[in-house]
Each structure stands twice: as C-alpha cells, then as structure tokens.
Amino acid sequence: MSDMDNLKNAGPIDMDSVLERVGGDESFLRELLDIYIEDFIEKYALLEQAISQGDSNNIKEIGHSLKGSSGNLSLNGLHETAYGIELSGKENDIEQAKIHFIRLKEEFKKLKDFLPLEKRQNIEQKMPNLE
Amino acid sequence: MVKQSTQNKEQIIKVLIAEDNAVSAKILQKNINDWGYEVVVAKDGKEAWAALRNEGIRLAVLDWMMPEINGIQLCKKIRENDHKGEDQQYTYIILLTAKDEQKDLIKGFSAGADDYITKPFNHLELKARLKTGKRIIDLQRQLQKQASRDSLTGLWNRKRMFRILDKEIHRAHRNNLPVAILMIDIDKFKSINDTYGHQIGDLVINEVTDILRKNIRSYDEICRYGGDEFLVILPNCNSAKTELIGDRLRINVTKHRIKSDNLSLNVALSFGGASTEGYASDITSETLIMEADEALLEAKNRGRNCVVIKKIRDKM
C-alpha cells in the first residue's frame with residue numbers, strides 16, 4: 001500500500017475524492033491509473049503531432065478526452081491543464097496550446113514521480129523525451 | 001437457490017454505459033454494477049446503438065461527446081424508436097456532460113434525455129439519479145401491464161387479445177398447424193346481475209375465470225372479450241380437440257357451486273368454437289371470431305350449456 005500512501009500525502013491526486021468515487025477500492029484505483037497512463041502516453045504523442053500540424057480540432061478533442069479521464073481520477077492539475085488545451089483548440093489558439101502542452105508535461109511528471117519505481121521506469125521507457 | 005436467482009434476474013435492470021473514455025467507463029461500470037444493475041459497456045455511439053437495439057437496455061448512461069454517433073444523436077434515435085410497437089419499453093436516458101457543456105443542456109433535453117450528470121460525477125448523486133430512472137421504468141412497466149389486462153379478472157383484455165390471436169395465426173401458417181378459438185358466454189348472466197346484484201355478477205365472472213384458467217393448457221390464452229364473454233385461443237387444435245377442451249371447461253363450470261353468504265348458485269356456459277382444421281392460408285382473426293360468434297349463437301339456440309364448433313377450411 002506504500003505507493004498509495006505516498007500519493008495520499010500531497011501531490012497530483014486528490015485521494016479522498018477519487019477513493020470515494022471508486023468505493024474505497026485501492027487496487028481498482030491502481031488498475032485505473034495503469035489504464036490512464038497507457039492512454040495518456042498515446043494521447044500525448046497525438047497531441048504533440050496535432051500541435052505541430054496546427055490541427056485545432058484534434059487539439060480540442062484530445063484535450064477533452066484527457067480532461068475527462070484526469071477529472072475522474074481527481075488528478076486536478078492534469079485536469080485543469082487538459083481543459084486549457086481543449087479551450088485552446090476550441091479557440092484555434094495554437095500558441096496557447098503550446099504553453100498548456102508544456103504545463104501538461106510538467107503535471108504528468110509530477111504524477112510519474114509519485115508512482116513506484118517499476119511504473120516510473122516503464123513510463124520513462126515509453127516517453128524518452130519526457131525529461 | 002436456483003429459482004431465487006432466476007427470479008432476481010427478472011428484476012435486474014440492464015444499464016448501458018456509452019463512454020469512449022476508458023477510465024470513466026471503468027469507474028461507471030464498477031459503481032453501477034455494485035449497485036445491483038447489469039451493465040453493458042459501449043465505447044462509441046455505434047456500439048451503443050447496436051446494444052440498445054438488441055440487449056433489452058432499460059437505462060442508458062450516454063456520454064455527450066463520442067466518436068461515430070454522439071450522445072445527442074443517440075437520444076434522438078432512441079426516442080424515434082420508442083413508440084414502434086406496443087411492447088416497446090421506455091429507455092430512460094441520463095446524459096454525461098462536462099461542466100462547460102452545461103449551457104447546452106437544453107439541446108440534450110429536447111433530444112430526449114431524461115436527466116444529466118456532470119463529469120467528474122459524484123457517485124452518490126449518480127446512484128440517486130439511477131434510482132429515479134428505475135422508478136420511472138417501474139411505473140411504465142405497471143402502466144403497460146394495466147393497458148393489456150382486464151382490471152376485474154386480470155385476464156388479457158380485448159385489445160391485447162387481437163394481437164395474441166394474430167400472432168398465433170401467423171405461427172399456425174408458418175408451422176402448417178391448425179389454430180382454434182372458443183367464444184364463451186355465461187348463460188343468463190343478465191338475470192344473475194338483475195337478481196343478485198352486480199357484486200355477485202362480478203363474483204361469478206371471477207369464479208368462472210378461475211375454472212377456465214385451471215382447465216386450459218399452459219400455452220392457451222384467455223381474454224375477457226366483453227361483459228360476460230371470454231375468448232380462449234387454442235394453438236394446434238383441430239375441431240375435435242377444440243370440442244373436447246370446450247366440453248371439459250363446460251362440465252367443470254357446471255359442477256362448480258358459487259357461494260357467497262347465504263347464496264349458492266350454479267352457472268352454465270355456452271361455447272362457440274372455430275378451428276382452421278388444417279392449413280388455412282387465408283384465415284384472419286376477424287374470420288375466426290365471426291365463425292365462432294355464429295357457432296355461439298347456434299349453441300344458444302340449441303338450448304345453451306353446450307359446445308358448437310365450426311370447421312374452417314382453406315378456400316382453395
């Protein structure tokens with residue numbers, strides 16, 4: 001349970017609210033975080049691509065999707081940033097999207113740093129340009 | 001134990017979750033499952049629509065933004081389909097919306113949504129909203145039952161009977177089998193009402209109903225056709241078999257004494273039957289009923305308390 005305790009103290013996830021949402025089931029929460037991270041890695045790459053292509057519709061949709069899953073896991077920093085990305089897409093403001101994208105990376109790093117070593121290494125392997 | 005689980009199964013409401021976001025879908029699935037519903041998950045609008053058409057979904061939780069078909073379009077499709085066929089059951093729809101989509105809610109309601117919840121949802125709120133949905137579904141079930149049953153006897157009403165009869169005639173065509181009906185009338189019912197009052201009249205109708213129910217086969221259907229008239233639908237019955245069943249019903253009613261306080265009386269029934277005998281391609285429910293009516297009139301003319309059956313053959 002140590003990884004969960006670590007998350008509880010401070011940081012990227014509001015443990016009280018997310019545990020309430022999943023009925024206090026910590027192992028289910030771990031499973032959800034795994035799904036979230038897999039999905040994030042995929043969306044992150046797609047978002048980077050959409051920003052470089054100036055594809056505001058895609059930026060909006062990816063932002064919306066990340067906003068949804070981050071919100072459900074009470075990852076408040078990521079949730080807010082994803083919302084910013086969605087709005088930038090909606091307003092066709094690519095410069096704004098770039099700024100939020102950097103923030104998104106920072107917020108995700110915060111989450112990563114709270115995870116156990118094995119999970120951290122897994123993410124670093126899949127996202128070598130995160131650092 | 002086995003019986004109990006099948007009983008429970010009838011009451012379990014099937015809930016569709018249409019949500020493209022994997023994390024959100026998983027949380028919804030776990031919660032809704034924990035609250036005792038059966039859950040079907042669809043990851044886009046297309047999958048959701050397929051499930052809605054085939055899986056007996058009563059309650060749908062639809063995400064607003066989805067690939068292929070979005071939540072609003074799904075609402076419209078569901079509502080377009082709601083009134084096709086009388087057995088169609090109402091689907092209660094809860095829309096999942098992001099906070100900033102709230103201003104568009106009117107669009108959702110006018111597309112046919114019953115309720116909404118904002119993401120990330122509070123699980124107690126979702127639970128309460130599902131409960132409201134269940135209440136509406138139960139009410140609709142009751143209404144549907146009332147619309148197809150006779151209020152005094154609980155038998156099928158006349159409207160429903162026509163649908164059952166049409167279905168049985170189709171089945172008979174398909175399987176090349178006969179089908180028969182019996183039109184039944186309580187002899188001198190008017191004078192029972194006039195002599196003993198309507199409460200006794202109702203009692204007579206209920207007791208006759210019980211005897212009829214107990215003496216038909218499990219796949220026969222009875223309806224209350226009119227005041228003191230009943231109609232029994234007998235699948236796979238030629239005229240000889242129809243007569244046999246009619247006679248069994250007639251004798252059992254004759255033998256039965258109806259008692260109430262100081263009163264004890266016997267009633268008798270007249271039977272008019274019609275059977276297609278064999279394969280009858282041009283039979284309609286109207287023809288069958290018309291022939292049975294004629295047979296019933298003849299039974300009355302023969303002095304009541306008897307069975308008269310008409311055979312209907314293919315005109316070819």
# chains A, B, ... in the order shown; residues from 1 in each chain; ligands from 1
$ interface_residues --of "chain A" --to "chain B" --cutoff "6 Å" --atoms "only C-alpha atoms" --output "list in words"
Arg21, Ser69, Gly71 and Asn72 of chain A
$ residues_around --residues "Phe108 of chain A" --least-positions-apart "6" --cutoff "9 Å" --atoms "only C-alpha atoms" --output "list in words"
Pro12, Phe40, Gly77 and Leu78 of chain A
$ write_last_selection --atoms "C-alpha atoms" --output "mmCIF file, in the first residue's frame"
data_model
loop_
_atom_site.group_PDB
_atom_site.id
_atom_site.type_symbol
_atom_site.label_atom_id
_atom_site.label_comp_id
_atom_site.auth_asym_id
_atom_site.auth_seq_id
_atom_site.Cartn_x
_atom_site.Cartn_y
_atom_site.Cartn_z
ATOM 1 C CA PRO A 12 -1.067 15.287 -8.097
ATOM 2 C CA PHE A 40 -2.032 9.390 -21.630
ATOM 3 C CA GLY A 77 -3.525 19.655 -12.080
ATOM 4 C CA LEU A 78 -3.744 17.477 -15.152
#
$ residues_around --residues "Ile169 of chain B" --least-positions-apart "4" --cutoff "12 Å" --atoms "only C-alpha atoms" --output "JSON, numbers by chain"
{"B": [162, 163, 164, 165, 173, 174, 175, 176, 177, 178, 179, 180, 181, 233, 234, 235, 236, 237, 275, 276, 278, 279, 280, 281, 282, 283, 284, 285, 286, 287, 288]}
$ select_by_dssp --residues "segment 11-260 of chain B" --states "helix (DSSP H, G or I)" --output "PyMOL selection string"
chain B and resi 11+22-34+45-54+71-82+99-111+123-148+158-175+189-196+198-214+239-255
$ closest_residue --among "B:Arg217, B:Lys188, B:His170, B:Lys127" --to "Leu249 of chain B" --atoms "only C-alpha atoms"
B:Arg217
$ closest_residue --among "A:Leu115, A:Gln49, A:Ile13, A:Gln96" --to "Ser70 of chain A" --atoms "only C-alpha atoms"
A:Ile13
$ select_by_dssp --residues "segment 150-295 of chain B" --states "strand (DSSP E)" --output "JSON, numbers by chain"
{"B": [179, 180, 181, 182, 183, 184, 185, 186, 221, 222, 223, 224, 229, 230, 231, 232, 233, 234, 235, 257, 258, 259, 260, 263, 264, 265, 266, 269, 270, 271, 272, 273, 274, 275]}
$ residues_around --residues "Tyr44 of chain A" --least-positions-apart "6" --cutoff "9 Å" --atoms "only C-alpha atoms" --output "ChimeraX atom specification"
/A:62,101,104-105
$ atom_distance --atom1 "atom CA of Ser151 of chain B" --atom2 "atom CA of Leu297 of chain B"
27.2 Å
$ residues_around --residues "Asp93 of chain A" --least-positions-apart "2" --cutoff "12 Å" --atoms "only C-alpha atoms" --output "ChimeraX atom specification"
/A:51,54-57,59-60,84-91,95-100
$ write_last_selection --atoms "N, CA and C atoms" --output "CSV table (one decimal), in the first residue's frame"
chain,number,residue,atom,x,y,z
A,51,ILE,N,-0.4,19.6,-32.4
A,51,ILE,CA,0.0,21.0,-32.2
A,51,ILE,C,1.0,21.4,-33.3
A,54,GLY,N,-0.8,22.2,-36.3
A,54,GLY,CA,-1.8,23.3,-36.1
A,54,GLY,C,-3.3,22.8,-36.3
A,55,ASP,N,-3.5,21.5,-35.9
A,55,ASP,CA,-4.8,20.9,-36.1
A,55,ASP,C,-5.7,21.2,-34.8
A,56,SER,N,-6.4,22.3,-34.9
A,56,SER,CA,-7.1,22.7,-33.6
A,56,SER,C,-8.2,21.8,-33.2
A,57,ASN,N,-8.9,21.2,-34.2
A,57,ASN,CA,-10.0,20.3,-33.9
A,57,ASN,C,-9.5,19.1,-33.1
A,59,ILE,N,-6.7,19.0,-31.4
A,59,ILE,CA,-6.2,19.5,-30.1
A,59,ILE,C,-7.4,19.6,-29.1
A,60,LYS,N,-8.5,20.1,-29.6
A,60,LYS,CA,-9.7,20.2,-28.8
A,60,LYS,C,-10.2,18.8,-28.3
A,84,GLY,N,-7.4,23.5,-20.4
A,84,GLY,CA,-6.8,24.6,-21.1
A,84,GLY,C,-6.5,24.2,-22.5
A,85,ILE,N,-6.0,23.0,-22.7
A,85,ILE,CA,-5.7,22.5,-24.1
A,85,ILE,C,-7.0,22.4,-24.9
A,86,GLU,N,-8.0,21.9,-24.3
A,86,GLU,CA,-9.3,21.8,-25.0
A,86,GLU,C,-9.8,23.2,-25.5
A,87,LEU,N,-9.7,24.2,-24.5
A,87,LEU,CA,-10.1,25.6,-24.9
A,87,LEU,C,-9.3,26.2,-26.0
A,88,SER,N,-7.9,25.9,-25.9
A,88,SER,CA,-7.0,26.5,-26.9
A,88,SER,C,-7.5,25.9,-28.3
A,89,GLY,N,-7.8,24.6,-28.3
A,89,GLY,CA,-8.2,24.0,-29.6
A,89,GLY,C,-9.5,24.7,-30.1
A,90,LYS,N,-10.5,24.9,-29.1
A,90,LYS,CA,-11.7,25.5,-29.5
A,90,LYS,C,-11.6,26.9,-30.0
A,91,GLU,N,-10.6,27.6,-29.4
A,91,GLU,CA,-10.4,29.0,-29.8
A,91,GLU,C,-9.4,29.1,-31.0
A,95,GLU,N,-0.7,28.9,-30.2
A,95,GLU,CA,0.3,29.3,-29.2
A,95,GLU,C,0.0,29.0,-27.8
A,96,GLN,N,-1.3,29.3,-27.5
A,96,GLN,CA,-1.8,28.9,-26.2
A,96,GLN,C,-1.7,27.4,-25.9
A,97,ALA,N,-2.0,26.7,-26.9
A,97,ALA,CA,-2.0,25.2,-26.8
A,97,ALA,C,-0.5,24.7,-26.5
A,98,LYS,N,0.4,25.4,-27.1
A,98,LYS,CA,1.9,25.1,-26.9
A,98,LYS,C,2.2,25.3,-25.4
A,99,ILE,N,1.8,26.4,-24.9
A,99,ILE,CA,2.0,26.7,-23.5
A,99,ILE,C,1.4,25.7,-22.5
A,100,HIS,N,0.2,25.3,-22.8
A,100,HIS,CA,-0.5,24.3,-22.0
A,100,HIS,C,0.1,23.0,-22.1
$ residues_around --residues "Gly133 of chain B" --least-positions-apart "3" --cutoff "9 Å" --atoms "only C-alpha atoms" --output "number ranges by chain"
B: 59, 92-94, 114-115, 128-130, 136-138
$ residues_around --residues "segment 102-113 of chain B" --least-positions-apart "6" --cutoff "7 Å" --atoms "only C-alpha atoms" --output "list of chain:residue names"
B:Ile72, B:Cys75, B:Lys76, B:Arg79, B:Ile93, B:Ile94, B:Leu95
$ decode --residues "segment 51-62 of chain B" --atoms "all heavy atoms" --output "PDB file, in the first residue's frame"
ATOM      1  N   ALA B  51     -26.186  -2.150 -29.113  1.00  0.00           N
ATOM      2  CA  ALA B  51     -26.600  -2.715 -27.819  1.00  0.00           C
ATOM      3  C   ALA B  51     -28.042  -2.308 -27.487  1.00  0.00           C
ATOM      4  O   ALA B  51     -28.828  -3.113 -26.994  1.00  0.00           O
ATOM      5  CB  ALA B  51     -25.661  -2.235 -26.716  1.00  0.00           C
ATOM      6  N   LEU B  52     -28.379  -1.061 -27.782  1.00  0.00           N
ATOM      7  CA  LEU B  52     -29.731  -0.573 -27.482  1.00  0.00           C
ATOM      8  C   LEU B  52     -30.790  -1.338 -28.261  1.00  0.00           C
ATOM      9  O   LEU B  52     -31.893  -1.544 -27.788  1.00  0.00           O
ATOM     10  CB  LEU B  52     -29.831   0.919 -27.823  1.00  0.00           C
ATOM     11  CG  LEU B  52     -29.220   1.845 -26.788  1.00  0.00           C
ATOM     12  CD1 LEU B  52     -28.951   3.212 -27.379  1.00  0.00           C
ATOM     13  CD2 LEU B  52     -30.139   1.974 -25.576  1.00  0.00           C
ATOM     14  N   ARG B  53     -30.429  -1.755 -29.446  1.00  0.00           N
ATOM     15  CA  ARG B  53     -31.426  -2.461 -30.246  1.00  0.00           C
ATOM     16  C   ARG B  53     -31.577  -3.920 -29.860  1.00  0.00           C
ATOM     17  O   ARG B  53     -32.613  -4.510 -30.053  1.00  0.00           O
ATOM     18  CB  ARG B  53     -31.092  -2.332 -31.734  1.00  0.00           C
ATOM     19  CG  ARG B  53     -31.531  -0.976 -32.271  1.00  0.00           C
ATOM     20  CD  ARG B  53     -31.604  -0.996 -33.744  1.00  0.00           C
ATOM     21  NE  ARG B  53     -30.314  -1.431 -34.288  1.00  0.00           N
ATOM     22  CZ  ARG B  53     -30.045  -1.409 -35.575  1.00  0.00           C
ATOM     23  NH1 ARG B  53     -30.933  -1.049 -36.447  1.00  0.00           N
ATOM     24  NH2 ARG B  53     -28.861  -1.781 -35.996  1.00  0.00           N
ATOM     25  N   ASN B  54     -30.495  -4.496 -29.338  1.00  0.00           N
ATOM     26  CA  ASN B  54     -30.527  -5.956 -29.143  1.00  0.00           C
ATOM     27  C   ASN B  54     -30.480  -6.454 -27.720  1.00  0.00           C
ATOM     28  O   ASN B  54     -30.693  -7.626 -27.484  1.00  0.00           O
ATOM     29  CB  ASN B  54     -29.356  -6.594 -29.906  1.00  0.00           C
ATOM     30  CG  ASN B  54     -29.357  -6.195 -31.362  1.00  0.00           C
ATOM     31  OD1 ASN B  54     -30.403  -6.172 -31.982  1.00  0.00           O
ATOM     32  ND2 ASN B  54     -28.194  -5.868 -31.897  1.00  0.00           N
ATOM     33  N   GLU B  55     -30.194  -5.592 -26.759  1.00  0.00           N
ATOM     34  CA  GLU B  55     -29.868  -6.150 -25.450  1.00  0.00           C
ATOM     35  C   GLU B  55     -30.898  -5.906 -24.354  1.00  0.00           C
ATOM     36  O   GLU B  55     -30.632  -6.174 -23.200  1.00  0.00           O
ATOM     37  CB  GLU B  55     -28.493  -5.623 -25.004  1.00  0.00           C
ATOM     38  CG  GLU B  55     -27.416  -5.922 -26.023  1.00  0.00           C
ATOM     39  CD  GLU B  55     -26.272  -6.689 -25.424  1.00  0.00           C
ATOM     40  OE1 GLU B  55     -26.464  -7.331 -24.381  1.00  0.00           O
ATOM     41  OE2 GLU B  55     -25.186  -6.616 -25.994  1.00  0.00           O
ATOM     42  N   GLY B  56     -32.035  -5.364 -24.695  1.00  0.00           N
ATOM     43  CA  GLY B  56     -33.043  -5.131 -23.659  1.00  0.00           C
ATOM     44  C   GLY B  56     -32.602  -4.100 -22.620  1.00  0.00           C
ATOM     45  O   GLY B  56     -32.816  -4.256 -21.440  1.00  0.00           O
ATOM     46  N   ILE B  57     -31.968  -3.039 -23.114  1.00  0.00           N
ATOM     47  CA  ILE B  57     -31.487  -1.978 -22.230  1.00  0.00           C
ATOM     48  C   ILE B  57     -32.668  -1.131 -21.753  1.00  0.00           C
ATOM     49  O   ILE B  57     -33.494  -0.714 -22.552  1.00  0.00           O
ATOM     50  CB  ILE B  57     -30.514  -1.044 -22.999  1.00  0.00           C
ATOM     51  CG1 ILE B  57     -29.374  -1.834 -23.626  1.00  0.00           C
ATOM     52  CG2 ILE B  57     -30.049   0.101 -22.115  1.00  0.00           C
ATOM     53  CD1 ILE B  57     -28.327  -2.303 -22.706  1.00  0.00           C
ATOM     54  N   ARG B  58     -32.745  -0.876 -20.438  1.00  0.00           N
ATOM     55  CA  ARG B  58     -33.829  -0.038 -19.937  1.00  0.00           C
ATOM     56  C   ARG B  58     -33.331   1.341 -19.512  1.00  0.00           C
ATOM     57  O   ARG B  58     -34.075   2.286 -19.432  1.00  0.00           O
ATOM     58  CB  ARG B  58     -34.517  -0.710 -18.744  1.00  0.00           C
ATOM     59  CG  ARG B  58     -35.097  -2.079 -19.025  1.00  0.00           C
ATOM     60  CD  ARG B  58     -36.072  -2.053 -20.205  1.00  0.00           C
ATOM     61  NE  ARG B  58     -37.006  -0.944 -20.166  1.00  0.00           N
ATOM     62  CZ  ARG B  58     -38.124  -0.933 -19.482  1.00  0.00           C
ATOM     63  NH1 ARG B  58     -38.475  -1.971 -18.798  1.00  0.00           N
ATOM     64  NH2 ARG B  58     -38.923   0.098 -19.499  1.00  0.00           N
ATOM     65  N   LEU B  59     -32.041   1.412 -19.195  1.00  0.00           N
ATOM     66  CA  LEU B  59     -31.489   2.642 -18.672  1.00  0.00           C
ATOM     67  C   LEU B  59     -30.172   2.903 -19.399  1.00  0.00           C
ATOM     68  O   LEU B  59     -29.324   2.019 -19.455  1.00  0.00           O
ATOM     69  CB  LEU B  59     -31.234   2.416 -17.185  1.00  0.00           C
ATOM     70  CG  LEU B  59     -31.735   3.447 -16.199  1.00  0.00           C
ATOM     71  CD1 LEU B  59     -31.932   2.793 -14.859  1.00  0.00           C
ATOM     72  CD2 LEU B  59     -30.769   4.574 -16.091  1.00  0.00           C
ATOM     73  N   ALA B  60     -30.028   4.081 -19.974  1.00  0.00           N
ATOM     74  CA  ALA B  60     -28.813   4.355 -20.737  1.00  0.00           C
ATOM     75  C   ALA B  60     -28.083   5.567 -20.176  1.00  0.00           C
ATOM     76  O   ALA B  60     -28.680   6.615 -19.961  1.00  0.00           O
ATOM     77  CB  ALA B  60     -29.156   4.583 -22.207  1.00  0.00           C
ATOM     78  N   VAL B  61     -26.797   5.381 -19.896  1.00  0.00           N
ATOM     79  CA  VAL B  61     -25.953   6.486 -19.463  1.00  0.00           C
ATOM     80  C   VAL B  61     -25.071   6.835 -20.654  1.00  0.00           C
ATOM     81  O   VAL B  61     -24.199   6.060 -21.041  1.00  0.00           O
ATOM     82  CB  VAL B  61     -25.087   6.084 -18.251  1.00  0.00           C
ATOM     83  CG1 VAL B  61     -24.209   7.242 -17.803  1.00  0.00           C
ATOM     84  CG2 VAL B  61     -25.969   5.613 -17.094  1.00  0.00           C
ATOM     85  N   LEU B  62     -25.337   7.975 -21.282  1.00  0.00           N
ATOM     86  CA  LEU B  62     -24.669   8.300 -22.543  1.00  0.00           C
ATOM     87  C   LEU B  62     -23.747   9.499 -22.393  1.00  0.00           C
ATOM     88  O   LEU B  62     -24.158  10.543 -21.892  1.00  0.00           O
ATOM     89  CB  LEU B  62     -25.707   8.639 -23.623  1.00  0.00           C
ATOM     90  CG  LEU B  62     -26.864   7.666 -23.853  1.00  0.00           C
ATOM     91  CD1 LEU B  62     -27.799   8.222 -24.916  1.00  0.00           C
ATOM     92  CD2 LEU B  62     -26.345   6.296 -24.272  1.00  0.00           C
TER      93      LEU B  62
END
